[in-house]
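Novice: Data file final_2.cif (mmCIF, C-alpha atoms) is appended below.
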```
data_query
loop_
_atom_site.label_atom_id
_atom_site.label_comp_id
_atom_site.auth_asym_id
_atom_site.auth_seq_id
_atom_site.Cartn_x
_atom_site.Cartn_y
_atom_site.Cartn_z
CA MET H 1 170.38 170.03 83.76
CA ALA H 2 168.17 170.42 80.65
CA LEU H 3 168.40 166.67 79.95
CA THR H 4 167.60 165.89 83.57
CA ASP H 5 164.62 168.26 83.50
CA ASP H 6 163.36 166.57 80.34
CA ALA H 7 163.66 163.16 81.97
CA ILE H 8 161.85 164.36 85.11
CA ALA H 9 159.04 165.82 83.00
CA LYS H 10 158.64 162.60 81.01
CA ILE H 11 158.61 160.35 84.08
CA ARG H 12 156.08 162.63 85.75
CA SER H 13 153.95 162.52 82.62
CA MET H 14 154.02 158.72 82.65
CA ILE H 15 152.89 158.77 86.29
CA GLN H 16 150.16 161.36 85.72
CA SER H 17 148.79 159.50 82.70
CA GLY H 18 148.53 156.26 84.66
CA GLU H 19 151.18 154.50 82.59
CA LEU H 20 153.16 154.23 85.82
CA PRO H 21 150.57 154.09 88.63
CA PRO H 22 151.46 154.06 92.35
CA GLY H 23 153.43 150.93 93.18
CA ALA H 24 154.47 150.32 89.56
CA ARG H 25 158.02 149.24 88.78
CA LEU H 26 159.92 151.39 86.29
CA PRO H 27 161.58 149.70 83.32
CA PRO H 28 165.34 149.10 83.70
CA GLU H 29 167.40 152.24 83.15
CA PRO H 30 168.61 151.36 79.59
CA GLN H 31 165.08 150.51 78.47
CA LEU H 32 163.59 153.63 80.08
CA ALA H 33 166.26 155.85 78.50
CA ALA H 34 165.63 154.36 75.06
CA GLN H 35 161.87 154.65 75.53
CA MET H 36 162.14 158.36 76.33
CA GLY H 37 164.85 159.07 73.77
CA LEU H 38 167.23 160.41 76.41
CA SER H 39 170.67 159.54 77.75
CA ARG H 40 171.03 157.08 80.61
CA SER H 41 172.85 159.71 82.67
CA GLY H 42 169.90 162.11 82.32
CA VAL H 43 167.48 159.39 83.39
CA ARG H 44 169.71 158.40 86.29
CA GLU H 45 169.84 161.97 87.61
CA ALA H 46 166.07 162.36 87.15
CA VAL H 47 165.47 159.24 89.22
CA LYS H 48 167.67 160.65 92.00
CA VAL H 49 165.69 163.89 92.04
CA LEU H 50 162.34 162.12 92.08
CA GLU H 51 163.58 159.77 94.79
CA SER H 52 164.44 162.80 96.95
CA ALA H 53 160.95 164.14 96.29
CA ARG H 54 159.46 160.81 97.49
CA VAL H 55 157.94 160.18 94.04
CA LEU H 56 160.17 157.16 93.39
CA ASP H 57 161.51 154.48 95.70
CA VAL H 58 164.85 153.02 94.62
CA ARG H 59 165.28 149.53 96.06
CA ARG H 60 168.84 148.33 95.63
CA GLY H 61 168.98 144.98 93.87
CA ASP H 62 165.26 145.05 93.13
CA GLY H 63 164.38 148.06 91.00
CA THR H 64 162.77 151.48 91.10
CA TYR H 65 159.12 151.86 92.01
CA VAL H 66 156.57 154.63 92.07
CA THR H 67 155.67 155.35 95.69
CA SER H 68 152.11 155.46 97.02
CA LEU H 69 152.14 159.20 96.10
CA ALA H 70 150.38 159.82 99.41
CA PRO H 71 150.32 163.48 100.53
CA ARG H 72 152.31 162.64 103.67
CA LEU H 73 155.17 161.47 101.43
CA LEU H 74 155.04 164.14 98.75
CA LEU H 75 154.68 166.99 101.25
CA GLU H 76 157.30 165.63 103.64
CA GLY H 77 159.88 168.09 102.39
CA LEU H 78 157.75 171.08 103.33
CA GLY H 79 158.85 170.92 106.95
CA VAL H 80 162.51 170.93 105.92
CA ALA H 81 161.90 173.98 103.73
CA VAL H 82 160.15 175.85 106.55
CA GLU H 83 163.10 175.13 108.86
CA LEU H 84 165.35 176.95 106.36
CA LEU H 85 163.19 180.06 106.01
CA ARG H 86 164.61 183.38 107.13
CA ASP H 87 163.06 185.35 109.97
CA ASP H 88 161.20 187.76 107.71
CA THR H 89 159.35 184.93 105.96
CA LEU H 90 158.43 182.98 109.09
CA LEU H 91 155.63 185.46 109.67
CA GLU H 92 154.27 184.53 106.24
CA VAL H 93 154.13 180.92 107.44
CA MET H 94 152.11 182.03 110.46
CA GLU H 95 149.77 183.91 108.13
CA VAL H 96 149.14 180.73 106.14
CA ARG H 97 148.52 178.81 109.37
CA ARG H 98 146.01 181.48 110.36
CA MET H 99 144.16 180.85 107.09
CA LEU H 100 144.10 177.05 107.41
CA GLU H 101 144.29 175.91 111.02
CA PRO H 102 141.11 177.50 112.44
CA VAL H 103 138.95 176.13 109.62
CA ALA H 104 140.53 172.70 110.00
CA THR H 105 139.89 172.79 113.76
CA GLY H 106 136.25 173.66 113.13
CA LEU H 107 135.98 170.66 110.81
CA ALA H 108 137.58 168.45 113.45
CA ALA H 109 134.80 169.40 115.88
CA LEU H 110 132.37 167.58 113.62
CA ARG H 111 134.55 164.52 113.04
CA MET H 112 136.46 163.73 116.23
CA THR H 113 135.55 160.53 118.03
CA ASP H 114 135.23 160.29 121.80
CA THR H 115 138.41 158.22 121.87
CA GLU H 116 140.30 160.96 120.01
CA LEU H 117 138.91 163.58 122.38
CA ASP H 118 140.10 161.51 125.34
CA GLU H 119 143.58 161.35 123.79
CA LEU H 120 143.52 165.14 123.38
CA ALA H 121 142.59 165.52 127.05
CA ARG H 122 145.62 163.41 128.03
CA ILE H 123 147.93 165.57 125.91
CA LEU H 124 146.45 168.68 127.52
CA GLU H 125 147.20 167.26 130.99
CA ASP H 126 150.79 166.64 129.87
CA MET H 127 151.05 170.26 128.72
CA LEU H 128 149.84 171.55 132.08
CA ALA H 129 152.40 169.39 133.88
CA ALA H 130 155.20 170.74 131.66
CA ALA H 131 154.24 174.41 131.78
CA ASP H 132 157.82 175.56 132.45
CA ASP H 133 159.65 173.10 130.21
CA ALA H 134 159.97 174.44 126.67
CA GLU H 135 161.20 171.17 125.14
CA LYS H 136 158.30 169.15 126.53
CA LEU H 137 155.80 171.87 125.61
CA ILE H 138 157.02 171.80 122.01
CA GLN H 139 156.50 168.02 121.96
CA PHE H 140 153.00 168.14 123.47
CA ASP H 141 151.97 171.18 121.43
CA THR H 142 152.93 169.34 118.24
CA ALA H 143 150.99 166.26 119.35
CA PHE H 144 147.94 168.33 120.30
CA HIS H 145 147.59 170.09 116.98
CA HIS H 146 148.48 167.04 114.90
CA THR H 147 145.84 165.02 116.72
CA VAL H 148 143.21 167.68 116.06
CA ILE H 149 143.97 168.17 112.38
CA ALA H 150 144.45 164.46 111.65
CA THR H 151 140.89 163.79 112.79
CA THR H 152 139.59 165.76 109.81
CA GLY H 153 140.56 162.73 107.73
CA ASN H 154 142.17 165.06 105.19
CA GLU H 155 145.72 163.79 104.72
CA THR H 156 146.74 166.68 102.47
CA LEU H 157 145.61 169.28 105.02
CA THR H 158 147.28 167.39 107.85
CA SER H 159 150.56 167.11 105.93
CA LEU H 160 150.50 170.80 105.01
CA LEU H 161 149.90 171.98 108.56
CA ASP H 162 152.45 169.53 109.99
CA GLY H 163 155.00 170.96 107.56
CA LEU H 164 154.11 174.57 108.31
CA SER H 165 154.33 174.01 112.07
CA SER H 166 158.04 173.30 112.20
CA ARG H 167 159.89 172.55 115.42
CA THR H 168 162.01 175.71 115.06
CA LEU H 169 158.92 177.88 114.75
CA ARG H 170 157.26 176.26 117.78
CA ALA H 171 160.48 176.54 119.80
CA ARG H 172 160.75 180.27 119.22
CA VAL H 173 157.16 180.85 120.21
CA TRP H 174 157.21 178.68 123.35
CA ARG H 175 160.53 180.03 124.61
CA GLY H 176 159.17 183.53 124.15
CA LEU H 177 156.00 182.60 126.02
CA ILE H 178 157.92 181.11 128.94
CA GLU H 179 160.25 184.09 129.16
CA GLY H 180 157.22 186.39 129.09
CA ASN H 181 155.41 184.36 131.77
CA SER H 182 152.58 183.69 129.33
CA ALA H 183 152.87 179.94 128.87
CA HIS H 184 149.86 179.24 131.11
CA LYS H 185 147.73 181.67 129.12
CA THR H 186 148.53 179.82 125.91
CA ILE H 187 147.88 176.45 127.53
CA ASP H 188 144.49 177.86 128.54
CA GLU H 189 143.90 178.60 124.85
CA HIS H 190 144.54 174.92 124.09
CA HIS H 191 142.03 174.05 126.79
CA ALA H 192 139.47 176.35 125.17
CA ILE H 193 140.02 174.59 121.84
CA TYR H 194 139.55 171.24 123.57
CA LEU H 195 136.30 172.33 125.25
CA ALA H 196 134.92 173.61 121.93
CA LEU H 197 135.82 170.32 120.27
CA ARG H 198 134.29 168.32 123.11
CA SER H 199 131.04 170.30 122.73
CA ARG H 200 131.08 169.65 118.94
CA ASP H 201 130.75 173.38 118.36
CA GLN H 202 132.29 174.01 114.94
CA LEU H 203 132.22 177.82 115.05
CA LEU H 204 133.53 178.02 118.61
CA ALA H 205 136.34 175.59 117.78
CA GLN H 206 137.26 177.68 114.75
CA ALA H 207 137.22 180.90 116.78
CA SER H 208 139.26 179.38 119.61
CA ALA H 209 141.88 178.13 117.17
CA LEU H 210 142.05 181.56 115.51
CA ILE H 211 142.68 183.24 118.86
CA HIS H 212 145.43 180.72 119.58
CA VAL H 213 147.19 181.18 116.23
CA ASN H 214 147.00 184.95 116.67
CA THR H 215 148.66 184.64 120.09
CA SER H 216 151.45 182.51 118.63
CA GLU H 217 151.94 184.97 115.79
CA ALA H 218 152.08 187.92 118.19
CA TRP H 219 154.75 186.21 120.30
CA LEU H 220 156.76 185.30 117.23
CA ARG H 221 156.71 188.96 116.20
CA THR H 222 157.94 189.88 119.68
CA VAL H 223 160.75 187.33 119.55
CA LEU H 224 161.87 188.39 116.08
CA ALA H 225 161.72 192.08 116.99
CA ALA H 226 163.91 191.45 120.04
CA LYS H 227 166.39 189.53 117.91
CA ALA H 228 166.51 192.36 115.38
CA ALA H 229 167.07 194.91 118.15
CA ASP H 230 169.97 192.88 119.58
CA ALA H 231 171.54 192.68 116.12
#
```
For the structure just supplied, provide its representation as structure tokens.

Specialist:
Amino acid sequence: MALTDDAIAKIRSMIQSGELPPGARLPPEPQLAAQMGLSRSGVREAVKVLESARVLDVRRGDGTYVTSLAPRLLLEGLGVAVELLRDDTLLEVMEVRRMLEPVATGLAALRMTDTELDELARILEDMLAAADDAEKLIQFDTAFHHTVIATTGNETLTSLLDGLSSRTLRARVWRGLIEGNSAHKTIDEHHAIYLALRSRDQLLAQASALIHVNTSEAWLRTVLAAKAADA
């Protein structure tokens, strides 16, 4: 593992220094190992790790390349990690969302185009039509928030919030809302966010998003408390 860690550190250093910029092809494994003064097995394992992290792209029969290093690639694993979190740490995820999502929504109010607002309106109509269907609500809820955050033009922020808003987390919240006959109330909160965005009111959009995240967090607490009581 120490040799692999050394190889990872050296490859990362070559990327950070610009010696291996995005899209660059790595030297063949024997040459790279000799260049770094490490064993071929250590380099091979390092490449596997960095491939899993979306830093490298191994193309069979062609070679190994540095990826675009775009945030959407490098942060792709965040969603997988969130899916594996235990119940007691899911509330920490909601806390982070509460810090980021309202501010991002306020920013979106200043940057959304009319076309993007029209798309958001269509998603909202789909949510209303699926008020009692948890699976469809999860799908439309994901699309709604992704559409809003993506319009900020900040790919890092969008990737972070996409990763933090995992399907498992959304499923628990929406199923709790439906069981508690509160799905329509939460859909109304989405509508309030939409109206604030449509009016280009940054502070109102931020406040509406904060209310919505707080509602989701409260229902998640309820769901987790009920699960703990049953256990």

Novice: Determine the nearest neighbour of Thr105 in chain H from the options H:Gly37, H:Ala205, H:Val66, H:Ala130, counting all atoms listed in the file.

Specialist: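 The shortest atom-to-atom distance to Thr105 in chain H comes from H:Ala205.
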
Novice: List, as a list in words, every residue that the PyMOL selection byres ((chain H and resi 149-164) around 6) selects in the file provided.

Specialist: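 On this input, the PyMOL selection byres ((chain H and resi 149-164) around 6) captures Pro71, Arg72, Leu78, Gly79, Ala108, Met112, His146, Thr147, Val148, Ser165 and Ser166 of chain H.
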
Novice: For the provided coordinates, the residues matched by the PyMOL selection byres ((chain H and resi 192-195) around 10) should be stated as a count of residues only.

Specialist: 32

Novice: For His145 in chain H, which of H:Leu203, H:Leu90, H:Ala131, H:Val213 is the closest residue, counting only C-alpha atoms?

Specialist: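 Selected residue with least distance to His145 in chain H: H:Val213.
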
Novice: How many Å lie between CA of Arg59 in chain H and CA of Gln31 in chain H, rounded to one decimal?

Specialist: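 A separation of 17.6 Å between them.
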
Novice: Place a sphere of radius 12 Å on (157.9, 191.1, 117.4) in the file coordinates and name every protein, DNA or RNA residue with an atom inside or on its surface, counting only C-alpha atoms; give the answer as a ChimeraX atom specification.

Specialist: /H:87-88,90-91,172-173,176,215-229

Novice: Using all atoms listed in the file, find the one residue out of H:Leu73, H:Ala171, H:Ile8, H:Leu110 that sits nearest to Gln139 in chain H.

Specialist: H:Ala171

Novice: Which of these residues is nearest to Met127 in chain H, using only C-alpha atoms: H:Thr67, H:Asn214, H:Thr142, H:Thr115?

Specialist: H:Thr142

Novice: Closest to Ser39 in chain H among H:Ser17, H:Ser68, H:Thr4, H:Ser52, using all atoms listed in the file?

Specialist: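 With all atoms listed in the file as the atom set, the closest residue is H:Thr4.
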
Novice: One decimal, in Å: what's the spacing between CA of Glu119 in chain H and CA of Phe140 in chain H?

Specialist: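 Atom-to-atom, CA of Glu119 in chain H to CA of Phe140 in chain H, that is 11.6 Å.
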
Novice: What does the PyMOL selection byres ((chain H and resi 40-51) around 7) select in this file, as a count of residues only?

Specialist: 16

Novice: CA of Pro27 in chain H to CA of Met14 in chain H: how many Å, to one decimal?

Specialist: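 According to the coordinates, CA of Pro27 in chain H and CA of Met14 in chain H are separated by 11.8 Å.
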
Novice: Measuring between all atoms listed in the file, which one of H:Arg111, H:Met94, H:Asp141, H:Glu101 shows the shortest distance to Glu125 in chain H?

Specialist: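 Smallest separation from Glu125 in chain H among the options: H:Asp141.
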
Novice: Can you complete the atoms of range 121-138 of chain H to N, CA, C and O atoms and list them as a JSON list (two decimals), keeping the file's coordinate frame?

Specialist:
```json
[["chain", "number", "residue", "atom", "x", "y", "z"],
["H", 121, "ALA", "N", 142.63, 165.13, 125.64],
["H", 121, "ALA", "CA", 142.59, 165.52, 127.05],
["H", 121, "ALA", "C", 143.87, 165.09, 127.75],
["H", 121, "ALA", "O", 144.42, 165.82, 128.59],
["H", 122, "ARG", "N", 144.39, 163.89, 127.43],
["H", 122, "ARG", "CA", 145.62, 163.41, 128.03],
["H", 122, "ARG", "C", 146.81, 164.30, 127.63],
["H", 122, "ARG", "O", 147.68, 164.60, 128.46],
["H", 123, "ILE", "N", 146.84, 164.69, 126.37],
["H", 123, "ILE", "CA", 147.93, 165.57, 125.91],
["H", 123, "ILE", "C", 147.85, 166.91, 126.63],
["H", 123, "ILE", "O", 148.87, 167.49, 127.03],
["H", 124, "LEU", "N", 146.65, 167.41, 126.83],
["H", 124, "LEU", "CA", 146.45, 168.68, 127.52],
["H", 124, "LEU", "C", 146.95, 168.59, 128.97],
["H", 124, "LEU", "O", 147.58, 169.53, 129.48],
["H", 125, "GLU", "N", 146.70, 167.47, 129.62],
["H", 125, "GLU", "CA", 147.20, 167.26, 130.99],
["H", 125, "GLU", "C", 148.73, 167.26, 131.00],
["H", 125, "GLU", "O", 149.36, 167.82, 131.92],
["H", 126, "ASP", "N", 149.33, 166.65, 129.98],
["H", 126, "ASP", "CA", 150.79, 166.64, 129.87],
["H", 126, "ASP", "C", 151.33, 168.06, 129.70],
["H", 126, "ASP", "O", 152.38, 168.41, 130.26],
["H", 127, "MET", "N", 150.62, 168.87, 128.93],
["H", 127, "MET", "CA", 151.05, 170.26, 128.72],
["H", 127, "MET", "C", 151.02, 171.03, 130.03],
["H", 127, "MET", "O", 151.94, 171.79, 130.36],
["H", 128, "LEU", "N", 149.97, 170.86, 130.79],
["H", 128, "LEU", "CA", 149.84, 171.55, 132.08],
["H", 128, "LEU", "C", 150.96, 171.15, 133.02],
["H", 128, "LEU", "O", 151.51, 171.99, 133.75],
["H", 129, "ALA", "N", 151.34, 169.88, 133.00],
["H", 129, "ALA", "CA", 152.40, 169.39, 133.88],
["H", 129, "ALA", "C", 153.78, 169.89, 133.45],
["H", 129, "ALA", "O", 154.71, 169.90, 134.25],
["H", 130, "ALA", "N", 153.89, 170.31, 132.20],
["H", 130, "ALA", "CA", 155.20, 170.74, 131.66],
["H", 130, "ALA", "C", 155.21, 172.23, 131.35],
["H", 130, "ALA", "O", 155.94, 172.68, 130.47],
["H", 131, "ALA", "N", 154.45, 172.99, 132.10],
["H", 131, "ALA", "CA", 154.24, 174.41, 131.78],
["H", 131, "ALA", "C", 155.53, 175.24, 131.73],
["H", 131, "ALA", "O", 155.57, 176.28, 131.07],
["H", 132, "ASP", "N", 156.57, 174.79, 132.41],
["H", 132, "ASP", "CA", 157.82, 175.56, 132.45],
["H", 132, "ASP", "C", 158.96, 174.89, 131.68],
["H", 132, "ASP", "O", 160.11, 175.30, 131.80],
["H", 133, "ASP", "N", 158.63, 173.86, 130.94],
["H", 133, "ASP", "CA", 159.65, 173.10, 130.21],
["H", 133, "ASP", "C", 159.40, 173.26, 128.71],
["H", 133, "ASP", "O", 158.52, 172.63, 128.14],
["H", 134, "ALA", "N", 160.19, 174.12, 128.08],
["H", 134, "ALA", "CA", 159.97, 174.44, 126.67],
["H", 134, "ALA", "C", 160.04, 173.21, 125.77],
["H", 134, "ALA", "O", 159.21, 173.05, 124.87],
["H", 135, "GLU", "N", 161.02, 172.33, 126.01],
["H", 135, "GLU", "CA", 161.20, 171.17, 125.14],
["H", 135, "GLU", "C", 159.98, 170.24, 125.20],
["H", 135, "GLU", "O", 159.50, 169.76, 124.17],
["H", 136, "LYS", "N", 159.48, 170.01, 126.41],
["H", 136, "LYS", "CA", 158.30, 169.15, 126.53],
["H", 136, "LYS", "C", 157.06, 169.83, 125.96],
["H", 136, "LYS", "O", 156.21, 169.18, 125.34],
["H", 137, "LEU", "N", 156.95, 171.14, 126.16],
["H", 137, "LEU", "CA", 155.80, 171.87, 125.61],
["H", 137, "LEU", "C", 155.77, 171.81, 124.09],
["H", 137, "LEU", "O", 154.71, 171.68, 123.49],
["H", 138, "ILE", "N", 156.94, 171.90, 123.48],
["H", 138, "ILE", "CA", 157.02, 171.80, 122.01],
["H", 138, "ILE", "C", 156.50, 170.43, 121.57],
["H", 138, "ILE", "O", 155.71, 170.31, 120.63]]
```
